[in-house]
Amino acid sequence: MRYFSTNRKAEHVGFKDAVLRGQPEDGGLYFPEKIPHHDVTFWEKLSDKTKEDIAFELIKPYVGKDIDPQTLYQICSETVNFDFPLVKLTDSVYALELFHGDTLAFKDVGARFMSRCLRFFAQKIGKKILVIVATSGDTGGAVASGFWNMENIEVFILYPKSRISDIQELQITSLGGNINSIRVTGDFDDCQRLVKQALADEEIREKFYLTSANSINIARLLPQQFYYAFAYRQWAESQPPAVSVPSGNFGNICALAIAHLSGLPCERLIAACNSNDVIPEFLRTGKLTSKPAIKTLSTAMDIASPSNFVRIFQLFENNIEKLRAKMVAFSISDEDTILTMKQTYQNCGYLLDPHGAVGLKALERYLQQNPSSKGIFLETAHPIKFESVKNILGEASIEIPPQIRSLLSRKKHYIEVENDYKKLKDLIMSCDS
């Protein structure tokens with residue numbers, strides 16, 4: 001498999017180089033030259049396969065010969081060694097729970113896969129690998145956990161001050177070692193801009209083997225296909241589901257689109273957005289506007305400029321009508337998020353986090369327009385990670401998972417910087433190579 005840049009000005013590369021470089025030198029994003037197609041039999045017989053087998057078969061065409069099959073299978077096994085239950089809430093609505101991994105968020109899958117790929121590649125690289133990532137919440141914790149104490153790999157995690165939950169900040173800042181936590185005075189888009197500047201900096205590239213662990217890195221994006229296959233493996237309805245994905249940077253729903261074009265049955269892709277409505281407005285009007293990010297309850301989705309949307313548009317040949325034929329998008333307000341959380345707890349006894357609530361409300365809107373359909377929404381993170389859940393559902397008792405209990409006694413260690421690239425670069429360059 002070869003990968004090209006969405007800006008079309010960089011050389012095509014293999015999987016290894018796409019992962020190690022993170023982003024092409026022309027500022028685009030790596031994307032596979034073709035999407036492998038799995039025939040109907042593969043999808044119909046998912047129940048006969050283990051999670052490890054499914055993950056291996058899905059990812060193998062994208063990796064090619066850059067990782068030997070035995071090592072790749074082991075990487076897949078370590079990536080998916082926790083549960084991905086599909087929970088029925090009503091006759092037409094199911095929740096896919098993606099929060100049973102180490103950091104209680106869907107990002108565990110991509111971070112585990114990428115970290116283990118880099119661990120394999122690092123064995124043959126003559127200088128230290130530097131991983132830099134921007135996070136709006138869950139990516140940071142997953143990356144910190146996935147890369148912690150990996151030899152010859154240094155990690156910088158940038159997160160926006162006062163815009164992630166306390167537990168998310170603890171997951172990012174409490175490990176130390178090779179994990180450098182940078183709290184930025186700004187929003188996620190500011191963090192992402194700083195990361196892109198660093199990735200393009202030749203002086204940093206001269207000293208380190210530089211890459212990113214955001215979903216702009218193809219090794220973070222592609223394995224997110226796995227849990228859509230796991231959901232369909234558990235799907236007992238006769239018709240394909242509509243799938244609603246809480247969408248901020250649009251990496252997760254991009255992975256769904258890739259899986260669907262690979263053959264995964266899916267009635268409709270639903271981009272569930274909060275008040276940051278750039279993409280819903282684009283699908284409605286055909287105009288892609290620029291506006292500042294709005295702070296909401298679903299903080300990880302407070303992104304005004306979603307990087308991965310260019311990949312989604314590429315999948316549909318940069319044709320808005322082809323995209324509209326398969327994807328719909330809804331913008332959900334904080335008021336509707338709160339109401340959905342309360343009603344779901346009262347009616348189903350089910351605890352939603354704000355991001356899952358956005359996903360559920362978007363699915364409900366779709367089902368109102370398509371009453372014969374059935375669907376799945378993603379619960380992307382455990383409710384305990386968000387203080388707002390307790391504030392909204394005060395009567396609800398949230399059991400503290402062991403992954404969180406071990407965090408509460410730890411201290412935060414971070415460096416706070418202004419939205420200033422020079423200060424970030426000085427910190428990076430001060431690391432020992």
# chains A, B, ... in the order shown; residues from 1 in each chain; ligands from 1
call {"tool": "closest_atom_pairs", "arguments": {"of": "segment 156-202 of chain A", "to": "segment 375-395 of chain A", "cutoff": "9 Å", "atoms": "only C-alpha atoms", "output": "tab-separated table"}}
result
residue	atom	partner	partner_atom	distance
A:Ile164	CA	A:Phe386	CA	8.6
A:Ser165	CA	A:Phe386	CA	5.7
A:Asp166	CA	A:Lys385	CA	7.7
A:Ile167	CA	A:Lys385	CA	5.6
A:Gln168	CA	A:Lys385	CA	6.5
call {"tool": "write_last_selection", "arguments": {"atoms": "C-alpha atoms", "output": "PDB file, in the first residue's frame"}}
result
ATOM      1  CA  ILE A 164     -10.478  19.517  29.448  1.00  0.00           C
ATOM      2  CA  SER A 165     -11.784  17.699  32.500  1.00  0.00           C
ATOM      3  CA  ASP A 166      -9.748  17.188  35.664  1.00  0.00           C
ATOM      4  CA  ILE A 167      -9.524  13.434  35.101  1.00  0.00           C
ATOM      5  CA  GLN A 168      -8.395  13.938  31.520  1.00  0.00           C
TER       6      GLN A 168
END
call {"tool": "select_by_dssp", "arguments": {"residues": "segment 30-107 of chain A", "states": "helix (DSSP H, G or I)", "output": "tab-separated table (two decimals) with N, CA and C atoms, in the first residue's frame"}}
result
chain	number	residue	atom	x	y	z
A	40	VAL	N	-18.64	-9.74	0.75
A	40	VAL	CA	-19.80	-9.90	1.64
A	40	VAL	C	-19.57	-11.02	2.65
A	41	THR	N	-18.90	-12.08	2.23
A	41	THR	CA	-18.67	-13.22	3.12
A	41	THR	C	-17.88	-12.81	4.36
A	42	PHE	N	-16.89	-11.93	4.18
A	42	PHE	CA	-16.09	-11.48	5.33
A	42	PHE	C	-16.99	-10.84	6.38
A	43	TRP	N	-17.89	-9.95	5.96
A	43	TRP	CA	-18.74	-9.24	6.90
A	43	TRP	C	-19.82	-10.14	7.49
A	44	GLU	N	-20.32	-11.08	6.69
A	44	GLU	CA	-21.38	-11.98	7.17
A	44	GLU	C	-20.85	-12.97	8.19
A	46	LEU	N	-18.37	-12.44	10.49
A	46	LEU	CA	-17.59	-11.83	11.57
A	46	LEU	C	-17.73	-12.58	12.88
A	47	SER	N	-18.91	-13.14	13.13
A	47	SER	CA	-19.14	-13.84	14.40
A	47	SER	C	-18.29	-15.11	14.52
A	48	ASP	N	-17.77	-15.58	13.41
A	48	ASP	CA	-16.91	-16.77	13.44
A	48	ASP	C	-15.45	-16.42	13.73
A	51	LYS	N	-11.75	-11.08	17.75
A	51	LYS	CA	-11.46	-9.66	17.54
A	51	LYS	C	-10.07	-9.48	16.93
A	52	GLU	N	-9.13	-10.27	17.39
A	52	GLU	CA	-7.76	-10.17	16.88
A	52	GLU	C	-7.70	-10.51	15.38
A	53	ASP	N	-8.43	-11.56	14.97
A	53	ASP	CA	-8.45	-11.95	13.57
A	53	ASP	C	-9.07	-10.85	12.70
A	54	ILE	N	-10.16	-10.27	13.18
A	54	ILE	CA	-10.84	-9.21	12.43
A	54	ILE	C	-9.91	-8.01	12.26
A	55	ALA	N	-9.29	-7.59	13.36
A	55	ALA	CA	-8.39	-6.44	13.30
A	55	ALA	C	-7.23	-6.71	12.34
A	56	PHE	N	-6.66	-7.89	12.43
A	56	PHE	CA	-5.51	-8.24	11.58
A	56	PHE	C	-5.90	-8.22	10.10
A	57	GLU	N	-7.05	-8.80	9.77
A	57	GLU	CA	-7.47	-8.85	8.36
A	57	GLU	C	-7.81	-7.47	7.83
A	58	LEU	N	-8.36	-6.60	8.67
A	58	LEU	CA	-8.70	-5.25	8.22
A	58	LEU	C	-7.46	-4.40	7.98
A	59	ILE	N	-6.48	-4.52	8.84
A	59	ILE	CA	-5.33	-3.61	8.77
A	59	ILE	C	-4.21	-4.12	7.87
A	60	LYS	N	-4.16	-5.44	7.63
A	60	LYS	CA	-3.05	-6.03	6.88
A	60	LYS	C	-2.81	-5.38	5.51
A	61	PRO	N	-3.84	-5.10	4.71
A	61	PRO	CA	-3.57	-4.49	3.40
A	61	PRO	C	-2.93	-3.11	3.49
A	62	TYR	N	-3.20	-2.38	4.58
A	62	TYR	CA	-2.66	-1.03	4.73
A	62	TYR	C	-1.19	-1.03	5.16
A	63	VAL	N	-0.76	-2.11	5.81
A	63	VAL	CA	0.60	-2.20	6.35
A	63	VAL	C	1.55	-2.82	5.33
A	69	PRO	N	3.94	-10.40	9.43
A	69	PRO	CA	2.60	-10.83	9.89
A	69	PRO	C	2.54	-11.22	11.36
A	70	GLN	N	3.55	-11.91	11.87
A	70	GLN	CA	3.53	-12.34	13.26
A	70	GLN	C	3.53	-11.14	14.21
A	71	THR	N	4.39	-10.16	13.93
A	71	THR	CA	4.44	-8.96	14.75
A	71	THR	C	3.15	-8.16	14.62
A	72	LEU	N	2.64	-8.04	13.41
A	72	LEU	CA	1.41	-7.27	13.19
A	72	LEU	C	0.23	-7.90	13.94
A	73	TYR	N	0.16	-9.23	13.93
A	73	TYR	CA	-0.93	-9.90	14.66
A	73	TYR	C	-0.81	-9.63	16.16
A	74	GLN	N	0.42	-9.65	16.67
A	74	GLN	CA	0.63	-9.36	18.09
A	74	GLN	C	0.23	-7.92	18.41
A	75	ILE	N	0.57	-6.98	17.53
A	75	ILE	CA	0.16	-5.59	17.72
A	75	ILE	C	-1.35	-5.48	17.76
A	76	CYS	N	-2.03	-6.16	16.84
A	76	CYS	CA	-3.50	-6.15	16.83
A	76	CYS	C	-4.07	-6.75	18.11
A	77	SER	N	-3.46	-7.82	18.59
A	77	SER	CA	-3.94	-8.47	19.82
A	77	SER	C	-3.84	-7.52	21.01
A	78	GLU	N	-2.72	-6.81	21.12
A	78	GLU	CA	-2.55	-5.86	22.22
A	78	GLU	C	-3.46	-4.64	22.06
A	79	THR	N	-3.84	-4.32	20.83
A	79	THR	CA	-4.68	-3.16	20.58
A	79	THR	C	-6.12	-3.39	21.01
A	107	LYS	N	-10.06	6.50	22.05
A	107	LYS	CA	-8.72	6.80	21.55
A	107	LYS	C	-7.71	5.71	21.94
call {"tool": "residues_around", "arguments": {"residues": "segment 216-229 of chain A", "least_positions_apart": "3", "cutoff": "7 Å", "atoms": "only C-alpha atoms", "output": "ChimeraX atom specification"}}
result
/A:18-19,22-23,29-30,55,59,84,109-111,113-114,212-213,232-233,251-252,255-256,259,308
call {"tool": "write_last_selection", "arguments": {"atoms": "N, CA and C atoms", "output": "tab-separated table (two decimals), in the first residue's frame"}}
result
chain	number	residue	atom	x	y	z
A	18	ALA	N	4.89	6.80	6.17
A	18	ALA	CA	3.72	7.61	6.49
A	18	ALA	C	3.54	7.74	8.00
A	19	VAL	N	3.79	6.65	8.72
A	19	VAL	CA	3.65	6.67	10.18
A	19	VAL	C	4.77	7.50	10.81
A	22	GLY	N	4.40	11.22	9.87
A	22	GLY	CA	3.19	11.81	10.45
A	22	GLY	C	2.42	12.65	9.47
A	23	GLN	N	3.10	13.62	8.87
A	23	GLN	CA	2.46	14.54	7.94
A	23	GLN	C	3.41	14.80	6.78
A	29	LEU	N	-2.27	15.66	4.30
A	29	LEU	CA	-2.41	14.48	5.15
A	29	LEU	C	-2.20	13.24	4.29
A	30	TYR	N	-1.54	12.24	4.85
A	30	TYR	CA	-1.37	10.99	4.12
A	30	TYR	C	-2.70	10.26	3.98
A	55	ALA	N	-9.29	-7.59	13.36
A	55	ALA	CA	-8.39	-6.44	13.30
A	55	ALA	C	-7.23	-6.71	12.34
A	59	ILE	N	-6.48	-4.52	8.84
A	59	ILE	CA	-5.33	-3.61	8.77
A	59	ILE	C	-4.21	-4.12	7.87
A	84	PHE	N	-15.84	-4.34	23.72
A	84	PHE	CA	-16.50	-3.31	22.93
A	84	PHE	C	-17.99	-3.64	22.85
A	109	VAL	N	-7.71	2.67	21.23
A	109	VAL	CA	-7.44	1.77	20.11
A	109	VAL	C	-6.35	2.33	19.20
A	110	GLY	N	-6.54	3.55	18.73
A	110	GLY	CA	-5.56	4.15	17.83
A	110	GLY	C	-4.21	4.36	18.50
A	111	ALA	N	-4.23	4.81	19.77
A	111	ALA	CA	-2.97	5.08	20.47
A	111	ALA	C	-2.19	3.79	20.72
A	113	PHE	N	-2.35	0.99	18.94
A	113	PHE	CA	-1.84	0.48	17.66
A	113	PHE	C	-0.63	1.28	17.21
A	114	MET	N	-0.74	2.59	17.25
A	114	MET	CA	0.36	3.42	16.76
A	114	MET	C	1.61	3.27	17.62
A	212	SER	N	3.66	12.69	14.55
A	212	SER	CA	2.53	13.11	15.37
A	212	SER	C	1.68	11.91	15.74
A	213	ALA	N	1.00	12.00	16.87
A	213	ALA	CA	0.07	10.94	17.29
A	213	ALA	C	-1.37	11.42	17.24
A	232	TYR	N	-20.77	-4.40	14.21
A	232	TYR	CA	-21.58	-5.16	13.25
A	232	TYR	C	-21.57	-6.64	13.58
A	233	ARG	N	-20.50	-7.11	14.17
A	233	ARG	CA	-20.41	-8.50	14.63
A	233	ARG	C	-21.50	-8.81	15.65
A	251	GLY	N	-11.82	12.38	12.70
A	251	GLY	CA	-11.05	11.18	12.44
A	251	GLY	C	-11.87	9.92	12.62
A	252	ASN	N	-12.70	9.89	13.65
A	252	ASN	CA	-13.47	8.69	13.96
A	252	ASN	C	-14.49	8.38	12.87
A	255	ALA	N	-12.81	7.05	9.78
A	255	ALA	CA	-12.55	5.61	9.86
A	255	ALA	C	-13.80	4.81	9.53
A	256	LEU	N	-14.97	5.28	9.98
A	256	LEU	CA	-16.23	4.62	9.63
A	256	LEU	C	-16.45	4.67	8.12
A	259	ALA	N	-14.22	2.11	6.49
A	259	ALA	CA	-14.75	0.76	6.71
A	259	ALA	C	-15.96	0.50	5.81
A	308	ASN	N	-9.45	16.22	9.70
A	308	ASN	CA	-9.69	15.01	8.94
A	308	ASN	C	-10.81	15.12	7.91
call {"tool": "residues_around", "arguments": {"residues": "segment 347-358 of chain A", "least_positions_apart": "6", "cutoff": "6 Å", "atoms": "only C-alpha atoms", "output": "ChimeraX atom specification"}}
result
/A:246,298,337,340-341,379,383
call {"tool": "closest_residue", "arguments": {"among": "A:Cys431, A:Leu323, A:Leu288, A:Leu360", "to": "Leu130 of chain A", "atoms": "only C-alpha atoms"}}
result
A:Cys431
call {"tool": "atom_distance", "arguments": {"atom1": "atom CA of Leu264 of chain A", "atom2": "atom CA of Ile312 of chain A"}}
result
16.1 Å
call {"tool": "atom_distance", "arguments": {"atom1": "atom CA of Lys412 of chain A", "atom2": "atom CA of Gly140 of chain A"}}
result
13.7 Å
call {"tool": "closest_residue", "arguments": {"among": "A:Leu297, A:Leu283, A:Val143, A:Ala198", "to": "Ile320 of chain A", "atoms": "only C-alpha atoms"}}
result
A:Leu283
call {"tool": "residues_around", "arguments": {"residues": "Asp187 of chain A", "least_positions_apart": "5", "cutoff": "10 Å", "atoms": "only C-alpha atoms", "output": "VMD selection string"}}
result
chain A and resid 135 to 136 159 to 163 192 292 to 295 302 to 303 419
call {"tool": "write_last_selection", "arguments": {"atoms": "C-alpha atoms", "output": "mmCIF file, in the first residue's frame"}}
result
data_model
loop_
_atom_site.group_PDB
_atom_site.id
_atom_site.type_symbol
_atom_site.label_atom_id
_atom_site.label_comp_id
_atom_site.auth_asym_id
_atom_site.auth_seq_id
_atom_site.Cartn_x
_atom_site.Cartn_y
_atom_site.Cartn_z
ATOM 1 C CA THR A 135 -5.494 16.962 22.335
ATOM 2 C CA SER A 136 -8.948 18.230 23.164
ATOM 3 C CA TYR A 159 -3.710 20.511 25.623
ATOM 4 C CA PRO A 160 -5.801 23.690 26.072
ATOM 5 C CA LYS A 161 -5.883 25.242 29.535
ATOM 6 C CA SER A 162 -9.269 25.002 31.313
ATOM 7 C CA ARG A 163 -10.856 23.149 28.402
ATOM 8 C CA GLN A 192 -3.121 21.932 16.678
ATOM 9 C CA PRO A 292 -13.626 30.477 16.186
ATOM 10 C CA ALA A 293 -14.264 27.406 18.323
ATOM 11 C CA ILE A 294 -17.177 27.576 20.760
ATOM 12 C CA LYS A 295 -16.761 26.139 24.244
ATOM 13 C CA ASP A 302 -14.858 21.956 20.464
ATOM 14 C CA ILE A 303 -13.026 22.147 17.143
ATOM 15 C CA ASN A 419 0.203 30.347 22.416
#
call {"tool": "atom_distance", "arguments": {"atom1": "atom CA of Ser247 of chain A", "atom2": "atom CA of Ala272 of chain A"}}
result
5.5 Å
